[in-house]
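Data from target-v8.cif: mmCIF, C-alpha atoms
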data_model
#
loop_
_atom_site.group_PDB
_atom_site.id
_atom_site.type_symbol
_atom_site.label_atom_id
_atom_site.label_comp_id
_atom_site.auth_asym_id
_atom_site.auth_seq_id
_atom_site.Cartn_x
_atom_site.Cartn_y
_atom_site.Cartn_z
ATOM 1 C CA MET A 1064 0.000 0.000 0.000
ATOM 2 C CA PRO A 1065 1.404 3.445 -0.851
ATOM 3 C CA GLU A 1066 2.531 5.432 2.172
ATOM 4 C CA HIS A 1067 1.874 9.151 2.450
ATOM 5 C CA GLU A 1068 4.862 11.230 1.270
ATOM 6 C CA LYS A 1069 7.208 8.246 0.838
ATOM 7 C CA ILE A 1070 9.051 7.355 -2.347
ATOM 8 C CA ASN A 1071 6.651 5.140 -4.242
ATOM 9 C CA TYR A 1072 7.910 4.677 -7.797
ATOM 10 C CA VAL A 1073 10.999 5.366 -9.891
ATOM 11 C CA GLU A 1074 11.378 5.763 -13.668
ATOM 12 C CA PHE A 1075 14.513 5.502 -15.798
ATOM 13 C CA PRO A 1076 15.260 6.465 -19.394
ATOM 14 C CA SER A 1077 16.067 3.743 -21.923
ATOM 15 C CA THR A 1078 17.221 4.124 -25.499
ATOM 16 C CA ASP A 1079 16.505 0.415 -26.111
ATOM 17 C CA LEU A 1080 13.707 -1.135 -24.035
ATOM 18 C CA ASP A 1081 14.439 -4.656 -25.324
ATOM 19 C CA ALA A 1082 18.072 -4.433 -24.180
ATOM 20 C CA THR A 1083 16.941 -3.029 -20.829
ATOM 21 C CA ARG A 1084 14.477 -5.857 -20.212
ATOM 22 C CA THR A 1085 17.008 -8.490 -21.285
ATOM 23 C CA PHE A 1086 19.733 -7.079 -19.027
ATOM 24 C CA PHE A 1087 17.658 -6.688 -15.847
ATOM 25 C CA SER A 1088 15.984 -10.063 -16.373
ATOM 26 C CA ALA A 1089 19.342 -11.830 -16.799
ATOM 27 C CA VAL A 1090 21.130 -10.141 -13.907
ATOM 28 C CA PHE A 1091 18.432 -9.586 -11.290
ATOM 29 C CA GLY A 1092 15.598 -11.885 -12.424
ATOM 30 C CA TRP A 1093 13.169 -9.029 -13.036
ATOM 31 C CA SER A 1094 9.973 -9.462 -15.011
ATOM 32 C CA PHE A 1095 8.278 -6.655 -16.899
ATOM 33 C CA THR A 1096 4.834 -5.517 -17.956
ATOM 34 C CA ASP A 1097 4.740 -3.459 -21.129
ATOM 35 C CA TYR A 1098 2.396 -0.507 -21.431
ATOM 36 C CA GLY A 1099 2.654 0.283 -25.103
ATOM 37 C CA PRO A 1100 5.842 0.318 -27.159
ATOM 38 C CA GLU A 1101 7.532 3.075 -25.123
ATOM 39 C CA TYR A 1102 7.119 1.954 -21.490
ATOM 40 C CA SER A 1103 7.976 -1.170 -19.523
ATOM 41 C CA ALA A 1104 7.264 -1.512 -15.791
ATOM 42 C CA PHE A 1105 8.800 -3.690 -13.063
ATOM 43 C CA SER A 1106 7.513 -4.494 -9.577
ATOM 44 C CA ASP A 1107 8.505 -6.260 -6.353
ATOM 45 C CA GLN A 1108 12.146 -5.164 -6.579
ATOM 46 C CA GLY A 1109 12.328 -3.169 -3.362
ATOM 47 C CA ILE A 1110 10.471 -0.398 -5.152
ATOM 48 C CA ASN A 1111 8.241 -0.464 -8.213
ATOM 49 C CA GLY A 1112 9.170 1.452 -11.314
ATOM 50 C CA GLY A 1113 9.622 1.447 -15.036
ATOM 51 C CA PHE A 1114 11.696 2.358 -18.039
ATOM 52 C CA TYR A 1115 10.510 4.842 -20.637
ATOM 53 C CA GLN A 1116 11.731 5.223 -24.204
ATOM 54 C CA SER A 1117 14.153 8.134 -24.470
ATOM 55 C CA ASP A 1118 16.759 9.430 -26.889
ATOM 56 C CA ARG A 1119 18.829 10.696 -23.973
ATOM 57 C CA ILE A 1120 20.496 8.907 -21.075
ATOM 58 C CA ALA A 1121 21.173 11.222 -18.181
ATOM 59 C CA SER A 1122 21.441 9.006 -15.120
ATOM 60 C CA SER A 1123 25.072 9.099 -14.008
ATOM 61 C CA GLU A 1124 27.055 10.445 -11.090
ATOM 62 C CA ALA A 1125 29.186 12.516 -13.451
ATOM 63 C CA ASN A 1126 26.227 14.644 -14.558
ATOM 64 C CA GLY A 1127 24.540 14.799 -11.165
ATOM 65 C CA GLY A 1128 21.982 12.036 -11.634
ATOM 66 C CA ALA A 1129 20.582 10.100 -8.682
ATOM 67 C CA LEU A 1130 22.473 6.888 -7.966
ATOM 68 C CA ILE A 1131 20.349 3.776 -7.403
ATOM 69 C CA VAL A 1132 22.228 1.266 -5.215
ATOM 70 C CA PHE A 1133 21.456 -2.463 -5.128
ATOM 71 C CA TYR A 1134 22.440 -4.785 -2.264
ATOM 72 C CA SER A 1135 24.198 -8.137 -2.804
ATOM 73 C CA ASN A 1136 25.112 -11.042 -0.538
ATOM 74 C CA ASN A 1137 27.950 -11.862 -2.962
ATOM 75 C CA LEU A 1138 29.433 -8.786 -4.616
ATOM 76 C CA GLU A 1139 31.805 -10.660 -6.922
ATOM 77 C CA HIS A 1140 29.049 -12.971 -8.193
ATOM 78 C CA THR A 1141 26.731 -10.040 -8.916
ATOM 79 C CA GLN A 1142 29.544 -8.239 -10.745
ATOM 80 C CA SER A 1143 30.171 -11.342 -12.860
ATOM 81 C CA LYS A 1144 26.465 -11.566 -13.807
ATOM 82 C CA ILE A 1145 26.453 -7.876 -14.778
ATOM 83 C CA GLU A 1146 29.501 -8.302 -17.002
ATOM 84 C CA SER A 1147 28.077 -11.487 -18.595
ATOM 85 C CA ALA A 1148 24.835 -9.665 -19.427
ATOM 86 C CA GLY A 1149 26.638 -6.823 -21.223
ATOM 87 C CA GLY A 1150 27.031 -4.317 -18.391
ATOM 88 C CA SER A 1151 30.199 -2.268 -17.940
ATOM 89 C CA ILE A 1152 32.062 -1.791 -14.676
ATOM 90 C CA LEU A 1153 32.567 1.954 -14.161
ATOM 91 C CA LYS A 1154 34.259 1.744 -10.741
ATOM 92 C CA PRO A 1155 35.780 -1.567 -9.623
ATOM 93 C CA ILE A 1156 35.019 -2.931 -6.159
ATOM 94 C CA PHE A 1157 36.246 -0.562 -3.453
ATOM 95 C CA SER A 1158 35.907 -0.372 0.315
ATOM 96 C CA PHE A 1159 34.050 2.352 2.162
ATOM 97 C CA PRO A 1160 32.998 2.694 5.812
ATOM 98 C CA GLY A 1161 30.365 -0.014 6.235
ATOM 99 C CA GLY A 1162 31.238 -2.287 3.318
ATOM 100 C CA ARG A 1163 32.330 -2.559 -0.295
ATOM 101 C CA ARG A 1164 30.726 -1.574 -3.578
ATOM 102 C CA PHE A 1165 31.193 -1.101 -7.304
ATOM 103 C CA HIS A 1166 29.479 1.014 -9.966
ATOM 104 C CA PHE A 1167 28.242 -0.255 -13.320
ATOM 105 C CA SER A 1168 26.287 0.854 -16.339
ATOM 106 C CA GLU A 1169 23.707 -1.257 -18.101
ATOM 107 C CA PRO A 1170 23.627 -1.446 -21.916
ATOM 108 C CA ASN A 1171 21.800 1.917 -22.186
ATOM 109 C CA GLY A 1172 24.457 3.741 -20.156
ATOM 110 C CA ASN A 1173 22.542 4.435 -16.927
ATOM 111 C CA GLU A 1174 24.818 4.199 -13.876
ATOM 112 C CA TYR A 1175 23.993 2.091 -10.817
ATOM 113 C CA ALA A 1176 25.952 0.705 -7.862
ATOM 114 C CA VAL A 1177 25.938 -2.543 -5.895
ATOM 115 C CA TRP A 1178 27.095 -2.757 -2.285
ATOM 116 C CA SER A 1179 27.609 -5.414 0.354
ATOM 117 C CA ASP A 1180 28.471 -5.454 4.033
ATOM 118 C CA ILE A 1181 29.856 -8.996 3.665
ATOM 119 C CA ALA A 1182 33.644 -9.294 3.414
ATOM 120 C CA ALA A 1183 35.190 -10.961 0.357
#

Go ahead and render the structure in this file as structure tokens.
Amino acid sequence: MPEHEKINYVEFPSTDLDATRTFFSAVFGWSFTDYGPEYSAFSDQGINGGFYQSDRIASSEANGGALIVFYSNNLEHTQSKIESAGGSILKPIFSFPGGRRFHFSEPNGNEYAVWSDIAA
């Protein structure tokens, strides 16, 4: 149930919705519901959201975009799945107070991060 004044939904740009669906399905096991040819939604992933068709990709730390961070019980395994599905590692695994993380981009170029509090 939606909660008053809490983040409820997130949307990301995609230059290629097919590549987006394929990548997130392969890496994270997501399923999608299409709403026309220019929108594909996901649910039950910690937050619901979707991808919309766009000619521009603007979600990166370098240009001030919000950074979505996933959690993993096995950072190296998640990184391997991302690379196998066509993602690019933007920042290799590094330590920070509280854990380790890395940054990646999916085939459309949007930047994300994955973190873990479990030691290697």

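A straight line drawn from atom CA of Ile1152 of chain A to atom CA of Pro1100 of chain A is 29.1 Å long.
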
With segment 1079-1092 of chain A as the partner and 8 Å as the cut-off, tabulate the residues of segment 1119-1178 of chain A that qualify, each row holding the nearest pair of atoms and their distance in Å to one decimal, using all atoms listed in the file, sorted by chain and rising number, as a tab-separated table.
residue	atom	partner	partner_atom	distance
A:Thr1141	CA	A:Val1090	CA	7.5
A:Lys1144	CA	A:Val1090	CA	5.5
A:Ile1145	CA	A:Val1090	CA	5.9
A:Ala1148	CA	A:Phe1086	CA	5.7
A:Gly1149	CA	A:Phe1086	CA	7.3
A:Gly1150	CA	A:Phe1086	CA	7.8
A:Glu1169	CA	A:Phe1086	CA	7.1
A:Pro1170	CA	A:Ala1082	CA	6.7
A:Asn1171	CA	A:Asp1079	CA	6.8

* To do: Using the chain letters and numbers from the file, give me the residues hit by the PyMOL selection byres ((chain A and resi 1096) around 12), as a ChimeraX atom specification.
  => /A:1080,1084,1093-1095,1097-1106,1111-1114

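If you look at atom CA of Thr1078 of chain A and atom CA of Leu1153 of chain A, they are 19.2 Å away from each other.
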
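Taking only C-alpha atoms into account, Phe1133 of chain A lies nearest to A:Gly1109 out of the set A:Pro1076, A:Pro1065, A:Gly1161, A:Gly1109.
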
* Asked: Can you list, as a list of chain:residue names, every protein, DNA or RNA residue that comes within 7 Å of Phe1165 of chain A when you count all atoms listed in the file, leaving out same-chain residues fewer than 2 positions away?
  -> A:Lys1154, A:Pro1155, A:Ile1156, A:Phe1157, A:Phe1167, A:Ala1176, A:Val1177, A:Trp1178

* **Residue members of the PyMOL selection byres ((chain A and resi 1072) around 8) in the file shown, as a count of residues only** => 7

Given 6 Å of margin on each side, can you work out the centre and size in Å (one decimal) of an axis-aligned box holding every listed atom of segment 1091-1103 of chain A, as JSON?
{"center_x": 10.4, "center_y": -4.4, "center_z": -19.2, "size_x": 28.0, "size_y": 27.0, "size_z": 27.9}

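Taking atom CA of Pro1160 of chain A and atom CA of Ser1147 of chain A as endpoints, the distance between them is 28.7 Å.
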
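The residue that comes closest to Leu1138 of chain A, out of A:Gly1162, A:Glu1066, A:Ser1179, A:Phe1075 and on the basis of only C-alpha atoms, is A:Ser1179.
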
* Structure fact -> If you count only C-alpha atoms, the residue of A:Glu1174, A:Gln1108, A:Ala1182, A:Arg1163 closest to Gly1127 of chain A turns out to be A:Glu1174

Might you spell out which residues the PyMOL selection byres ((chain A and resi 1119) around 8) would select in the displayed file, as a CSV table (one decimal) with C-alpha atoms, in the frame of the given file?
chain,number,residue,atom,x,y,z
A,1076,PRO,CA,15.3,6.5,-19.4
A,1077,SER,CA,16.1,3.7,-21.9
A,1078,THR,CA,17.2,4.1,-25.5
A,1117,SER,CA,14.2,8.1,-24.5
A,1118,ASP,CA,16.8,9.4,-26.9
A,1120,ILE,CA,20.5,8.9,-21.1
A,1121,ALA,CA,21.2,11.2,-18.2

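Of the residues under consideration (A:Glu1146, A:Ser1158, A:Ser1122, A:Ser1135), A:Ser1122 shows the shortest atom-to-atom contact distance to Tyr1175 of chain A when counting all atoms listed in the file.
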